[in-house]
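First comes the structure, then the notes that go with it.
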Amino acid sequence: MKYSPGFPNFIGMGEKAQAHVFYFLLLTLSSFSMQAQTVIPLYEGEIPNARPVPDREYSWIERDSVLIVSRVSRPTLTIFLPDREKATGAAVIICPGGGYTNLAMGYEGTDVALRFNRSGIAAFVLKYRIPDSSTMIHKEIGPLQDAQRAILVVRSRAGEWSIDPRRIGIMGFSAGGHLAATAGTHFQKDYIPNPEHISLRPDFMMLIYPVISFRSPIAHAGSSNYLIGPFPSEEKINEFSNDEQVTDQTPPAFLVHAKDDDAVPYANSSRFADACKKHHVPVEVYFYKKGGHGFGMTNNTSNQLWMDLGILWLDQEHLLRQGEASKEFHGTTYP
């Protein structure tokens with residue numbers, strides 16, 4: 001396991017905090033390698049649901065050069081566009097994991113975006129807000145607001161980035177998978193200002209070892225605690241257990257999980273897939289026999305690369321082919 005979902009790394013944190021500037025430079029010069037075209041603030045002007053507090057974001061490098069970012073209160077999008085001759089018109093918004101306490105921005109963000117680019121898919125890494133009552137009024141909707149805003153930004157600027165506005169998906173790892181699934185099941189309500197009524201429905205979801213349910217015994221206690229609190233009401237458990245929010249209008253989903261995941265049980269993916277099938281939503285699940293949690297793009301226990309399977313699935317769902325849009329969704333408005 002490359003990071004501990006739901007719990008910050010307190011060992012050596014003081015030294016890491018002192019080395020913040022060094023690591024920021026390392027990130028800029030090494031991890032991104034100047035391949036990210038640009039980083040933009042997610043919001044222009046006031047951030048909804050935010051308290052007026054100082055920016056206390058910080059980052060550090062875990063073992064194996066894993067970049068972790070914590071205390072995010074100023075969300076951003078990092079834009080990765082494929083070469084024009086390769087571009088398919090499809091796009092993916094990527095939500096790194098970290099138990100709703102931090103974000104694994106490198107191997108569950110930048111690395112994944114670059115892999116999508118090699119297949120002609122535009123990618124946008126979302127640095128979403130960490131739920132925290134000291135930085136936001138209603139912490140349980142902060143990450144969802146950021147995911148909806150990311151969809152709005154990408155869809156409204158699709159022409160600028162040579163993207164088909166009907167082929168914009170969302171992807172997430174672990175707690176980021178919970179966020180992606182929340183965006184894919186809660187799109188009928190706008191949690192952000194949306195005066196032009198642009199559709200906030202992602203056209204597909206890719207959920208990698210995702211947190212799905214907040215119900216015992218399969219809930220990831222850390223993610224649930226940080227998002228909706230240690231003693232949530234039945235209403236909140238239901239609202240944020242995304243397998244219980246699937247409808248006939250939920251977008252197609254691709255899921256990956258290891259059966260020996262002892263942090264987020266694979267039943268999370270099974271339940272979501274079962275809910276999709278019940279509502280006739282196209283869904284595909286790939287289960288590794290082993291691999292644990294947090295393996296990123298490469299499960300070292302298997303020769304099968306799930307990213308290859310995911311990109312094949314996108315093609316089979318007609319989401320990579322030039323000029324072809326995903327199936328019609330009644331009631332949506334596109335720019």
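In the structure tokens, the first chain shown is A, the next is B, and so on; residue numbers restart at 1 for each chain, and ligands run from 1 in the order shown.
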
For stretch 149-154 of chain A, please output as a PyMOL selection string all residues within 7 Å (counting only C-alpha atoms; exclusion window: fewer than 3 positions along the same chain). chain A and resi 42+145-146+157-158+192+198+200

What does the file look like for those residues with N, CA and C atoms, as an mmCIF file, in the first residue's frame?
data_model
loop_
_atom_site.group_PDB
_atom_site.id
_atom_site.type_symbol
_atom_site.label_atom_id
_atom_site.label_comp_id
_atom_site.auth_asym_id
_atom_site.auth_seq_id
_atom_site.Cartn_x
_atom_site.Cartn_y
_atom_site.Cartn_z
ATOM 1 N N LEU A 42 -10.158 26.440 -9.974
ATOM 2 C CA LEU A 42 -11.420 25.819 -10.337
ATOM 3 C C LEU A 42 -12.547 26.846 -10.408
ATOM 4 N N GLN A 145 -19.213 19.688 -4.846
ATOM 5 C CA GLN A 145 -19.263 20.982 -5.545
ATOM 6 C C GLN A 145 -18.081 21.120 -6.496
ATOM 7 N N ASP A 146 -16.903 20.706 -6.051
ATOM 8 C CA ASP A 146 -15.715 20.827 -6.889
ATOM 9 C C ASP A 146 -15.787 19.896 -8.091
ATOM 10 N N ARG A 157 -16.018 24.728 -21.783
ATOM 11 C CA ARG A 157 -14.841 25.127 -22.570
ATOM 12 C C ARG A 157 -14.384 24.022 -23.519
ATOM 13 N N ALA A 158 -15.296 23.089 -23.812
ATOM 14 C CA ALA A 158 -14.951 21.928 -24.630
ATOM 15 C C ALA A 158 -14.403 22.327 -25.994
ATOM 16 N N ILE A 192 -23.721 23.898 -7.190
ATOM 17 C CA ILE A 192 -22.933 25.088 -7.507
ATOM 18 C C ILE A 192 -23.776 26.023 -8.367
ATOM 19 N N ILE A 198 -25.989 24.157 -17.672
ATOM 20 C CA ILE A 198 -25.164 23.179 -18.364
ATOM 21 C C ILE A 198 -25.275 21.848 -17.638
ATOM 22 N N LEU A 200 -24.525 18.712 -15.680
ATOM 23 C CA LEU A 200 -23.460 18.319 -14.758
ATOM 24 C C LEU A 200 -23.346 16.794 -14.668
#

Would you tabulate, counting only C-alpha atoms, all residues of stretch 172-208 of chain A that have an atom at most 8 Å from an atom of stretch 97-117 of chain A, showing the closest pair of atoms and their distance in Å to one decimal, sorted by chain then ascending number, as a Markdown table?
| residue | atom | partner | partner_atom | distance |
| --- | --- | --- | --- | --- |
| A:Gly172 | CA | A:Gly97 | CA | 6.9 |
| A:Phe173 | CA | A:Gly97 | CA | 4.8 |
| A:Ser174 | CA | A:Gly97 | CA | 5.0 |
| A:Ala175 | CA | A:Gly97 | CA | 5.0 |
| A:Gly176 | CA | A:Gly97 | CA | 4.4 |
| A:Gly177 | CA | A:Gly97 | CA | 7.1 |

Within stretch 22-148 of chain A, find each residue whose DSSP state, derived from the backbone, is strand (DSSP E or B), and express the selection as a ChimeraX atom specification. /A:38-41,50,58-62,66-70,76-80,91-95,102-104,122-127,136

Store the residues picked out above in a file with N, CA and C atoms, as a CSV table (one decimal), in the first residue's frame.
chain,number,residue,atom,x,y,z
A,38,THR,N,-1.3,23.5,-18.2
A,38,THR,CA,-1.5,24.7,-17.4
A,38,THR,C,-2.3,24.2,-16.2
A,39,VAL,N,-2.3,25.0,-15.1
A,39,VAL,CA,-3.1,24.8,-13.9
A,39,VAL,C,-4.0,26.0,-13.7
A,40,ILE,N,-5.3,25.8,-13.6
A,40,ILE,CA,-6.2,26.9,-13.5
A,40,ILE,C,-7.0,26.8,-12.1
A,41,PRO,N,-7.3,27.9,-11.5
A,41,PRO,CA,-8.2,27.8,-10.4
A,41,PRO,C,-9.6,27.3,-10.8
A,50,ALA,N,-17.4,28.2,1.1
A,50,ALA,CA,-16.1,28.4,1.7
A,50,ALA,C,-16.1,29.4,2.8
A,58,TYR,N,-0.5,22.0,2.2
A,58,TYR,CA,0.9,21.6,2.2
A,58,TYR,C,1.0,20.3,1.5
A,59,SER,N,2.2,19.9,1.1
A,59,SER,CA,2.5,18.7,0.4
A,59,SER,C,3.8,18.0,0.9
A,60,TRP,N,3.9,16.7,0.6
A,60,TRP,CA,5.1,16.0,1.0
A,60,TRP,C,5.3,14.9,0.0
A,61,ILE,N,6.5,14.3,0.0
A,61,ILE,CA,6.7,13.1,-0.8
A,61,ILE,C,6.8,11.9,0.1
A,62,GLU,N,6.0,10.9,-0.1
A,62,GLU,CA,6.0,9.6,0.6
A,62,GLU,C,7.1,8.8,0.0
A,66,VAL,N,6.0,9.2,-3.9
A,66,VAL,CA,4.5,9.4,-4.0
A,66,VAL,C,4.2,10.8,-3.5
A,67,LEU,N,3.7,11.7,-4.3
A,67,LEU,CA,3.3,13.0,-3.9
A,67,LEU,C,2.0,13.0,-3.2
A,68,ILE,N,1.9,13.6,-2.0
A,68,ILE,CA,0.7,13.7,-1.2
A,68,ILE,C,0.4,15.2,-1.0
A,69,VAL,N,-0.8,15.7,-1.2
A,69,VAL,CA,-1.2,17.0,-0.9
A,69,VAL,C,-2.3,17.0,0.1
A,70,SER,N,-2.3,17.9,1.1
A,70,SER,CA,-3.3,17.9,2.2
A,70,SER,C,-3.8,19.3,2.4
A,76,THR,N,-8.1,23.3,-7.8
A,76,THR,CA,-7.6,23.6,-9.1
A,76,THR,C,-7.9,22.5,-10.1
A,77,LEU,N,-7.7,22.8,-11.4
A,77,LEU,CA,-7.7,21.8,-12.4
A,77,LEU,C,-6.3,21.9,-13.1
A,78,THR,N,-5.7,20.7,-13.3
A,78,THR,CA,-4.5,20.7,-14.1
A,78,THR,C,-4.8,20.0,-15.4
A,79,ILE,N,-4.5,20.7,-16.5
A,79,ILE,CA,-5.0,20.3,-17.8
A,79,ILE,C,-3.9,19.6,-18.6
A,80,PHE,N,-4.2,18.4,-19.1
A,80,PHE,CA,-3.4,17.6,-19.9
A,80,PHE,C,-4.1,17.3,-21.2
A,91,ALA,N,-12.7,13.0,-23.0
A,91,ALA,CA,-12.0,13.7,-21.8
A,91,ALA,C,-12.4,13.0,-20.5
A,92,VAL,N,-11.4,13.0,-19.6
A,92,VAL,CA,-11.7,12.4,-18.3
A,92,VAL,C,-11.2,13.4,-17.2
A,93,ILE,N,-12.1,13.6,-16.2
A,93,ILE,CA,-11.7,14.4,-15.0
A,93,ILE,C,-11.3,13.3,-13.9
A,94,ILE,N,-10.1,13.5,-13.4
A,94,ILE,CA,-9.5,12.5,-12.5
A,94,ILE,C,-9.5,13.0,-11.0
A,95,CYS,N,-10.0,12.2,-10.1
A,95,CYS,CA,-10.1,12.6,-8.7
A,95,CYS,C,-9.2,11.6,-7.9
A,102,ASN,N,-6.3,13.6,2.4
A,102,ASN,CA,-5.3,14.1,1.5
A,102,ASN,C,-5.5,13.6,0.1
A,103,LEU,N,-4.6,14.0,-0.8
A,103,LEU,CA,-4.8,13.6,-2.2
A,103,LEU,C,-3.5,13.0,-2.7
A,104,ALA,N,-3.5,11.9,-3.3
A,104,ALA,CA,-2.4,11.2,-4.0
A,104,ALA,C,-2.2,11.8,-5.4
A,122,ALA,N,-8.1,13.6,-23.5
A,122,ALA,CA,-7.8,14.7,-22.7
A,122,ALA,C,-8.0,14.4,-21.2
A,123,ALA,N,-7.2,14.9,-20.3
A,123,ALA,CA,-7.4,14.6,-18.9
A,123,ALA,C,-7.2,15.8,-18.1
A,124,PHE,N,-8.0,15.9,-17.0
A,124,PHE,CA,-8.0,17.0,-16.1
A,124,PHE,C,-7.9,16.5,-14.7
A,125,VAL,N,-6.8,16.8,-14.0
A,125,VAL,CA,-6.6,16.3,-12.6
A,125,VAL,C,-7.2,17.3,-11.7
A,126,LEU,N,-8.2,16.9,-10.9
A,126,LEU,CA,-8.9,17.7,-10.0
A,126,LEU,C,-8.3,17.7,-8.6
A,127,LYS,N,-7.8,18.8,-8.2
A,127,LYS,CA,-7.3,19.0,-6.8
A,127,LYS,C,-8.5,19.6,-6.0
A,136,MET,N,-15.0,25.2,5.3
A,136,MET,CA,-16.2,25.2,4.6
A,136,MET,C,-17.4,25.1,5.5

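Neighbours of A:Lys236 closer than or equal to 12 Å, with only C-alpha atoms counted and sequence neighbours fewer than 2 positions away skipped, come out as A:Glu140, A:Ile141, A:Ser213, A:Phe214, A:Arg215, A:Ser224, A:Asn225, A:Leu227, A:Ile228, A:Gly229, A:Pro230, A:Phe231, A:Pro232, A:Ser233, A:Glu234, A:Asn238, A:Glu239, A:Phe240, A:Ser241, A:Asn242, A:Glu244, A:Gln245.
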
Please list as a PDB file with N, CA and C atoms, in the first residue's frame every residue within 10 Å of A:Leu309, counting only C-alpha atoms and excluding residues in the same chain fewer than 3 positions away.
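Contents of around_15.pdb, as written:
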ATOM      1  N   PHE A 254     -17.196   1.751 -15.259  1.00  0.00           N
ATOM      2  CA  PHE A 254     -16.137   0.745 -15.311  1.00  0.00           C
ATOM      3  C   PHE A 254     -15.470   0.736 -13.941  1.00  0.00           C
ATOM      4  N   VAL A 256     -12.745  -1.266 -11.007  1.00  0.00           N
ATOM      5  CA  VAL A 256     -11.606  -2.149 -10.770  1.00  0.00           C
ATOM      6  C   VAL A 256     -11.420  -2.292  -9.267  1.00  0.00           C
ATOM      7  N   GLU A 284     -19.096  -2.540 -16.289  1.00  0.00           N
ATOM      8  CA  GLU A 284     -18.106  -3.605 -16.395  1.00  0.00           C
ATOM      9  C   GLU A 284     -17.211  -3.532 -15.160  1.00  0.00           C
ATOM     10  N   TYR A 286     -13.739  -5.303 -13.239  1.00  0.00           N
ATOM     11  CA  TYR A 286     -12.596  -6.208 -13.298  1.00  0.00           C
ATOM     12  C   TYR A 286     -12.068  -6.398 -11.878  1.00  0.00           C
ATOM     13  N   GLN A 304      -2.013  -8.212 -15.971  1.00  0.00           N
ATOM     14  CA  GLN A 304      -3.106  -7.496 -16.630  1.00  0.00           C
ATOM     15  C   GLN A 304      -3.119  -6.029 -16.215  1.00  0.00           C
ATOM     16  N   LEU A 305      -3.033  -5.137 -17.199  1.00  0.00           N
ATOM     17  CA  LEU A 305      -3.093  -3.704 -16.936  1.00  0.00           C
ATOM     18  C   LEU A 305      -4.540  -3.238 -17.063  1.00  0.00           C
ATOM     19  N   TRP A 306      -5.108  -2.827 -15.951  1.00  0.00           N
ATOM     20  CA  TRP A 306      -6.520  -2.436 -15.990  1.00  0.00           C
ATOM     21  C   TRP A 306      -6.753  -1.191 -16.835  1.00  0.00           C
ATOM     22  N   LEU A 312     -10.130   0.096 -23.590  1.00  0.00           N
ATOM     23  CA  LEU A 312     -10.895  -0.768 -24.490  1.00  0.00           C
ATOM     24  C   LEU A 312     -12.386  -0.640 -24.220  1.00  0.00           C
ATOM     25  N   TRP A 313     -12.758  -0.575 -22.934  1.00  0.00           N
ATOM     26  CA  TRP A 313     -14.174  -0.405 -22.573  1.00  0.00           C
ATOM     27  C   TRP A 313     -14.718   0.912 -23.111  1.00  0.00           C
ATOM     28  N   LEU A 314     -13.953   1.988 -22.990  1.00  0.00           N
ATOM     29  CA  LEU A 314     -14.386   3.272 -23.533  1.00  0.00           C
ATOM     30  C   LEU A 314     -14.655   3.164 -25.029  1.00  0.00           C
ATOM     31  N   ASP A 315     -13.785   2.457 -25.723  1.00  0.00           N
ATOM     32  CA  ASP A 315     -13.964   2.291 -27.167  1.00  0.00           C
ATOM     33  C   ASP A 315     -15.209   1.461 -27.464  1.00  0.00           C
TER      34      ASP A 315
END

Within 9 Å of A:Asp83, counting only C-alpha atoms, which residues qualify if same-chain residues fewer than 3 places away don't, as a ChimeraX atom specification? /A:86-87,117-118,120

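Of the residues listed (A:Ala258, A:Tyr43, A:Gln188, A:Pro265), A:Ala258 shows the shortest atom-to-atom separation from A:Ser302; distances use only C-alpha atoms.
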
Within 12 Å of A:Ala273, counting only C-alpha atoms, which residues qualify if same-chain residues fewer than 6 places away don't, as number ranges by chain? A: 181, 205-207, 210, 212, 242-244, 246, 250-257, 266-267, 279-287

Nearest to A:Ile163, restricted to only C-alpha atoms and choosing among A:Ile130, A:Leu319, A:Ile137, A:Val211, comes out as A:Leu319

Would you return as a PyMOL selection string the members of stretch 26-151 of chain A that DSSP assigns to helix (DSSP H, G or I) on this structure's backbone? chain A and resi 26-31+63-65+106-118+139-151

Would you export the selected residues with N, CA and C atoms as an mmCIF file, in the first residue's frame, please?
data_model
loop_
_atom_site.group_PDB
_atom_site.id
_atom_site.type_symbol
_atom_site.label_atom_id
_atom_site.label_comp_id
_atom_site.auth_asym_id
_atom_site.auth_seq_id
_atom_site.Cartn_x
_atom_site.Cartn_y
_atom_site.Cartn_z
ATOM 1 N N LEU A 26 10.445 20.228 -6.306
ATOM 2 C CA LEU A 26 10.635 18.901 -6.851
ATOM 3 C C LEU A 26 9.433 18.481 -7.675
ATOM 4 N N LEU A 27 8.246 18.767 -7.154
ATOM 5 C CA LEU A 27 7.028 18.470 -7.890
ATOM 6 C C LEU A 27 7.011 19.179 -9.226
ATOM 7 N N THR A 28 7.302 20.472 -9.197
ATOM 8 C CA THR A 28 7.222 21.266 -10.418
ATOM 9 C C THR A 28 8.207 20.787 -11.474
ATOM 10 N N LEU A 29 9.423 20.483 -11.041
ATOM 11 C CA LEU A 29 10.478 20.157 -11.990
ATOM 12 C C LEU A 29 10.505 18.686 -12.366
ATOM 13 N N SER A 30 10.057 17.824 -11.456
ATOM 14 C CA SER A 30 10.207 16.395 -11.702
ATOM 15 C C SER A 30 8.893 15.714 -12.037
ATOM 16 N N SER A 31 7.937 15.743 -11.107
ATOM 17 C CA SER A 31 6.726 14.965 -11.298
ATOM 18 C C SER A 31 5.943 15.422 -12.518
ATOM 19 N N ARG A 63 7.381 7.623 0.548
ATOM 20 C CA ARG A 63 8.327 6.692 -0.048
ATOM 21 C C ARG A 63 7.875 6.339 -1.466
ATOM 22 N N ASP A 64 8.803 5.899 -2.279
ATOM 23 C CA ASP A 64 8.550 5.580 -3.687
ATOM 24 C C ASP A 64 8.126 6.815 -4.480
ATOM 25 N N SER A 65 8.522 8.011 -3.998
ATOM 26 C CA SER A 65 8.273 9.274 -4.716
ATOM 27 C C SER A 65 6.792 9.559 -4.907
ATOM 28 N N GLY A 106 0.101 12.368 -7.552
ATOM 29 C CA GLY A 106 1.015 11.866 -8.571
ATOM 30 C C GLY A 106 0.525 10.590 -9.223
ATOM 31 N N TYR A 107 0.641 9.456 -8.518
ATOM 32 C CA TYR A 107 0.359 8.169 -9.162
ATOM 33 C C TYR A 107 -1.140 7.904 -9.337
ATOM 34 N N GLU A 108 -2.005 8.699 -8.690
ATOM 35 C CA GLU A 108 -3.438 8.614 -8.946
ATOM 36 C C GLU A 108 -3.949 9.887 -9.631
ATOM 37 N N GLY A 109 -3.030 10.658 -10.175
ATOM 38 C CA GLY A 109 -3.408 11.904 -10.840
ATOM 39 C C GLY A 109 -2.590 12.134 -12.088
ATOM 40 N N THR A 110 -1.436 12.760 -11.947
ATOM 41 C CA THR A 110 -0.586 13.119 -13.078
ATOM 42 C C THR A 110 -0.218 11.912 -13.935
ATOM 43 N N ASP A 111 0.223 10.830 -13.302
ATOM 44 C CA ASP A 111 0.641 9.650 -14.062
ATOM 45 C C ASP A 111 -0.507 9.106 -14.908
ATOM 46 N N VAL A 112 -1.697 9.100 -14.341
ATOM 47 C CA VAL A 112 -2.871 8.586 -15.039
ATOM 48 C C VAL A 112 -3.238 9.505 -16.205
ATOM 49 N N ALA A 113 -3.146 10.808 -15.977
ATOM 50 C CA ALA A 113 -3.464 11.776 -17.036
ATOM 51 C C ALA A 113 -2.552 11.590 -18.243
ATOM 52 N N LEU A 114 -1.270 11.394 -17.988
ATOM 53 C CA LEU A 114 -0.321 11.206 -19.082
ATOM 54 C C LEU A 114 -0.606 9.922 -19.850
ATOM 55 N N ARG A 115 -1.044 8.884 -19.133
ATOM 56 C CA ARG A 115 -1.406 7.634 -19.811
ATOM 57 C C ARG A 115 -2.623 7.843 -20.698
ATOM 58 N N PHE A 116 -3.605 8.586 -20.244
ATOM 59 C CA PHE A 116 -4.764 8.885 -21.077
ATOM 60 C C PHE A 116 -4.336 9.661 -22.326
ATOM 61 N N ASN A 117 -3.447 10.616 -22.152
ATOM 62 C CA ASN A 117 -2.984 11.407 -23.291
ATOM 63 C C ASN A 117 -2.378 10.535 -24.371
ATOM 64 N N ARG A 118 -1.644 9.492 -23.975
ATOM 65 C CA ARG A 118 -1.027 8.611 -24.971
ATOM 66 C C ARG A 118 -2.077 7.887 -25.810
ATOM 67 N N LYS A 139 -19.255 20.749 5.030
ATOM 68 C CA LYS A 139 -18.097 20.020 4.498
ATOM 69 C C LYS A 139 -18.490 18.821 3.643
ATOM 70 N N GLU A 140 -19.668 18.239 3.877
ATOM 71 C CA GLU A 140 -20.029 17.025 3.156
ATOM 72 C C GLU A 140 -20.292 17.263 1.671
ATOM 73 N N ILE A 141 -20.582 18.510 1.284
ATOM 74 C CA ILE A 141 -20.840 18.765 -0.136
ATOM 75 C C ILE A 141 -19.679 19.482 -0.827
ATOM 76 N N GLY A 142 -18.645 19.856 -0.077
ATOM 77 C CA GLY A 142 -17.526 20.580 -0.684
ATOM 78 C C GLY A 142 -16.874 19.844 -1.837
ATOM 79 N N PRO A 143 -16.449 18.578 -1.652
ATOM 80 C CA PRO A 143 -15.842 17.855 -2.772
ATOM 81 C C PRO A 143 -16.793 17.685 -3.956
ATOM 82 N N LEU A 144 -18.075 17.414 -3.691
ATOM 83 C CA LEU A 144 -19.045 17.274 -4.774
ATOM 84 C C LEU A 144 -19.195 18.579 -5.544
ATOM 85 N N GLN A 145 -19.213 19.688 -4.846
ATOM 86 C CA GLN A 145 -19.263 20.982 -5.545
ATOM 87 C C GLN A 145 -18.081 21.120 -6.496
ATOM 88 N N ASP A 146 -16.903 20.706 -6.051
ATOM 89 C CA ASP A 146 -15.715 20.827 -6.889
ATOM 90 C C ASP A 146 -15.787 19.896 -8.091
ATOM 91 N N ALA A 147 -16.308 18.682 -7.895
ATOM 92 C CA ALA A 147 -16.461 17.761 -9.020
ATOM 93 C C ALA A 147 -17.462 18.311 -10.035
ATOM 94 N N GLN A 148 -18.580 18.858 -9.552
ATOM 95 C CA GLN A 148 -19.561 19.442 -10.466
ATOM 96 C C GLN A 148 -18.975 20.646 -11.197
ATOM 97 N N ARG A 149 -18.222 21.460 -10.489
ATOM 98 C CA ARG A 149 -17.605 22.620 -11.126
ATOM 99 C C ARG A 149 -16.609 22.176 -12.199
ATOM 100 N N ALA A 150 -15.854 21.106 -11.929
ATOM 101 C CA ALA A 150 -14.908 20.604 -12.922
ATOM 102 C C ALA A 150 -15.644 20.171 -14.189
ATOM 103 N N ILE A 151 -16.755 19.470 -14.036
ATOM 104 C CA ILE A 151 -17.542 19.051 -15.197
ATOM 105 C C ILE A 151 -18.055 20.277 -15.949
#

Which residue out of A:Asp274, A:Ile218, A:Glu235, A:Pro131 has the minimum interatomic distance to A:Asp262 when only C-alpha atoms are used? A:Ile218

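Atom pair atom CA of A:Arg167 / atom CA of A:Gly89: separated by 7.3 Å.
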
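Taking atom CA of A:Phe272 and atom CA of A:Lys259 as endpoints, the distance between them is 15.0 Å.
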
Write out as a VMD selection string each polymer residue whose atoms come within 9 Å of A:Pro54, counting only C-alpha atoms; drop sequence neighbours fewer than 2 positions from it. chain A and resid 52 56 73 135
